[in-house]
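Step one of this worksheet: look at the structure below.
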Amino acid sequence: MTAAQFLLLVCMIAVFSVVFVKLKRRWFERKPFPSEWQRILASNIPIYKRLPQALQAQLNNHVKYFMRDKTFYGCDGLVLTDEIKVTIAGQACLLILNRPTNQYFKLHHVLVYPSSFVASRSEQSASGVVSHKKTGLLGESWSQGKVILSWDDVFKGVKNFSDGQNVVLHEFAHQLDQESGSTNGAPLLGSQSSYQSWTRVLSSEFERLQKQANSGFSSLIDQYGATNPAEFFAVVTETFFERPVQLRRRHPELFEEMKTFYAVDPSEWID
Ligand SMILES: [Zn+2]
């Protein structure tokens with residue numbers, strides 16, 4: 001075989017590979033969405049039925065990929081069911097509607113406990129003393145491809161979709177944040193001007209929440225968000241999807257930043 005023939009063969013293999021991947025993707029997306037999954041989304045995620053039809057179809061498509069590509073593990077004896085997996089996948093995929101997405105490419109495993117789970121933590125004080133403590137958690141997001149959730153709390157969080165408390169939205173917002181390489185409340189935004197505006201608005205709102213927390217005032221945004229900028233972004237994500245009308249009225253600039261980032265306006269989905 002001459003060098004030219006070899007080069008031609010390599011090019012043909014490359015072209016066929018691209019075509020094959022595209023066909024496989026099209027075939028996968030044309031497979032009907034299981035009716036049982038549709039039923040679970042409609043009965044367990046109140047916001048699902050209020051989504052415009054095009055967004056519902058988009059969400060179904062994302063859920064199909066999520067269910068195919070992420071591995072779920074039941075922990076502490078929890079027997080995994082489609083209800084558990086689809087209820088988690090459906091909420092996680094709300095965050096990637098209308099956005100250029102790689103479907104949580106860093107995430108591989110979703111671990112689900114029956115209820116809140118205990119995690120060991122080590123902390124080092126300024127004087128260098130390391131202490132260990134055990135903490136009860138509802139959820140946890142790891143940068144090494146793992147989200148851990150308590151099913152009890154997932155279910156409670158999604159059934160009340162207007163209290164601004166949702167552990168799945170919270171942990172998957174951390175996953176988006178972690179895609180930038182560090183967990184700092186600044187996910188990948190796309191352009192320099194987006195970062196300038198994001199930093200200005202989120203910094204000032206974060207400081208405002210810290211002041212409210214320190215002075216004992218109540219706030220729309222859960223004051224756990226005052227812990228650090230990463231928690232602030234995760235908590236505001238919960239508020240944005242669950243209490244969008246209130247967030248738009250009381251924090252208009254913050255609402256606009258979140259609306260631009262998530263590329264949806266959940267205030268339009270309210271009855
Ligand atoms: Zn968090």
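Within each chain, counting starts at residue 1; across the structure tokens, chains are named A, B, ... in the order shown, with ligands numbered 1 upward in that order.
Around ligand 1, the neighbouring residues within 8 Å, taking only C-alpha atoms and all ligand atoms, come to Gly139, Glu140, Ser141, His170, Glu171, His174, Ala230, Glu231, Ala234 and Val235 of chain A.
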- Item | Which of range 5-222 of chain A DSSP labels strand (DSSP E), written as number ranges by chain | A: 71-74, 109-113, 117-124, 130-137, 139-142, 146-150
- Task: Can you work out which one of A:Phe20, A:Phe217, A:Tyr104, A:Trp198 has the shortest atom-to-atom distance to Glu253 in chain A, counting only C-alpha atoms?
- Result: A:Trp198
- Within 7 Å of range 81-87 of chain A using only C-alpha atoms, minus same-chain residues under 2 positions, as a PyMOL selection string: chain A and resi 37+40-41+44+79+89-91
- Please provide the set of residues having any atom within 12 Å of Ile47 in chain A, restricted to only C-alpha atoms, with same-chain residues fewer than 5 positions apart removed, written as a PyMOL selection string. chain A and resi 41-42+52+55-56+59+87+90-91+94+158-162+241-243+266-271
The selected residues should be written to file as a compact mmCIF listing (two decimals), in the first residue's frame (atoms: N, CA, C and O atoms).
# COMPACT_ATOMS: atom_id res chain seq x y z
N LEU A 41 -41.86 11.03 36.05
CA LEU A 41 -41.53 12.47 35.98
C LEU A 41 -42.78 13.30 36.27
O LEU A 41 -42.73 14.27 37.04
N ALA A 42 -43.90 12.91 35.67
CA ALA A 42 -45.14 13.69 35.83
C ALA A 42 -45.67 13.62 37.25
O ALA A 42 -46.18 14.61 37.78
N PRO A 52 -43.04 23.91 29.09
CA PRO A 52 -43.52 23.90 27.70
C PRO A 52 -43.15 22.56 27.05
O PRO A 52 -42.15 21.94 27.43
N LEU A 55 -39.57 21.86 25.99
CA LEU A 55 -38.62 21.63 27.10
C LEU A 55 -38.84 20.25 27.72
O LEU A 55 -37.90 19.59 28.15
N GLN A 56 -40.10 19.82 27.75
CA GLN A 56 -40.38 18.46 28.25
C GLN A 56 -39.66 17.42 27.39
O GLN A 56 -39.03 16.50 27.89
N LEU A 59 -36.02 17.55 28.08
CA LEU A 59 -35.72 16.93 29.38
C LEU A 59 -35.74 15.40 29.25
O LEU A 59 -34.84 14.71 29.74
N THR A 87 -36.42 10.00 39.17
CA THR A 87 -36.72 11.21 39.95
C THR A 87 -35.44 12.04 40.14
O THR A 87 -35.47 13.27 40.08
N GLY A 90 -34.32 13.33 36.46
CA GLY A 90 -35.20 14.39 35.95
C GLY A 90 -34.87 15.74 36.54
O GLY A 90 -34.84 16.76 35.83
N GLN A 91 -34.58 15.77 37.84
CA GLN A 91 -34.24 17.05 38.47
C GLN A 91 -32.85 17.52 38.04
O GLN A 91 -32.62 18.70 37.77
N LEU A 94 -32.95 19.21 34.73
CA LEU A 94 -33.56 20.54 34.66
C LEU A 94 -32.48 21.62 34.53
O LEU A 94 -32.69 22.65 33.90
N VAL A 158 -38.38 17.25 46.38
CA VAL A 158 -39.07 17.42 45.09
C VAL A 158 -40.59 17.53 45.26
O VAL A 158 -41.26 18.19 44.47
N LYS A 159 -41.11 16.91 46.31
CA LYS A 159 -42.57 16.97 46.50
C LYS A 159 -43.01 18.39 46.85
O LYS A 159 -44.08 18.83 46.45
N ASN A 160 -42.19 19.08 47.62
CA ASN A 160 -42.48 20.49 47.88
C ASN A 160 -41.57 21.32 46.98
O ASN A 160 -40.44 21.62 47.35
N PHE A 161 -42.10 21.67 45.82
CA PHE A 161 -41.25 22.36 44.85
C PHE A 161 -41.44 23.88 44.92
O PHE A 161 -41.38 24.57 43.92
N SER A 162 -41.72 24.40 46.12
CA SER A 162 -41.87 25.85 46.21
C SER A 162 -41.27 26.41 47.49
O SER A 162 -41.49 27.56 47.84
N PHE A 241 -35.03 27.89 40.81
CA PHE A 241 -35.97 26.94 40.21
C PHE A 241 -37.24 26.77 41.04
O PHE A 241 -38.30 26.49 40.49
N GLU A 242 -37.12 26.93 42.36
CA GLU A 242 -38.30 26.66 43.19
C GLU A 242 -39.08 27.93 43.57
O GLU A 242 -40.27 27.84 43.82
N ARG A 243 -38.39 29.09 43.64
CA ARG A 243 -39.10 30.32 44.02
C ARG A 243 -38.71 31.46 43.07
O ARG A 243 -38.23 32.52 43.50
N PRO A 266 -37.79 29.97 34.93
CA PRO A 266 -38.79 29.19 35.64
C PRO A 266 -39.99 30.00 36.12
O PRO A 266 -41.03 29.41 36.41
N SER A 267 -39.86 31.35 36.16
CA SER A 267 -41.03 32.15 36.59
C SER A 267 -42.15 32.02 35.55
O SER A 267 -43.32 32.26 35.85
N GLU A 268 -41.81 31.63 34.32
CA GLU A 268 -42.84 31.45 33.29
C GLU A 268 -43.58 30.12 33.46
O GLU A 268 -44.57 29.86 32.79
N TRP A 269 -43.06 29.25 34.31
CA TRP A 269 -43.68 27.92 34.47
C TRP A 269 -44.65 27.87 35.64
O TRP A 269 -45.23 26.83 35.94
N ILE A 270 -44.76 29.01 36.34
CA ILE A 270 -45.64 29.04 37.51
C ILE A 270 -47.07 29.23 37.02
O ILE A 270 -47.34 30.02 36.13
N ASP A 271 -48.01 28.50 37.66
CA ASP A 271 -49.42 28.60 37.27
C ASP A 271 -49.96 30.00 37.50
O ASP A 271 -49.64 30.62 38.49
- Message: Using DSSP secondary structure from the backbone, list all alpha helix (DSSP H) positions within range 39-233 of chain A, as a ChimeraX atom specification.
- Response: /A:39-44,53-69,82-94,151-159,167-178,192-215,229-233
- What does the distance from CA of Arg249 in chain A to CA of Asp163 in chain A come to in Å, to one decimal?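 Atom-to-atom, CA of Arg249 in chain A and CA of Asp163 in chain A are spaced 16.0 Å apart.
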- From CA of Leu23 in chain A to CA of Lys64 in chain A the spacing works out at 16.5 Å
- Within 6 Å of range 136-138 of chain A using only C-alpha atoms, minus same-chain residues under 3 positions, as a ChimeraX atom specification: /A:116-118,149-150
Restrict the selected residues to C-alpha atoms and save them as a PDB file, in the first residue's frame.
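File written: out-v2.pdb
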ATOM      1  CA  SER A 116     -29.435  11.012  55.654  1.00  0.00           C
ATOM      2  CA  PHE A 117     -25.991   9.459  55.862  1.00  0.00           C
ATOM      3  CA  VAL A 118     -23.014  10.011  58.117  1.00  0.00           C
ATOM      4  CA  LEU A 149     -27.911  11.583  47.959  1.00  0.00           C
ATOM      5  CA  SER A 150     -30.396  10.625  50.640  1.00  0.00           C
TER       6      SER A 150
END
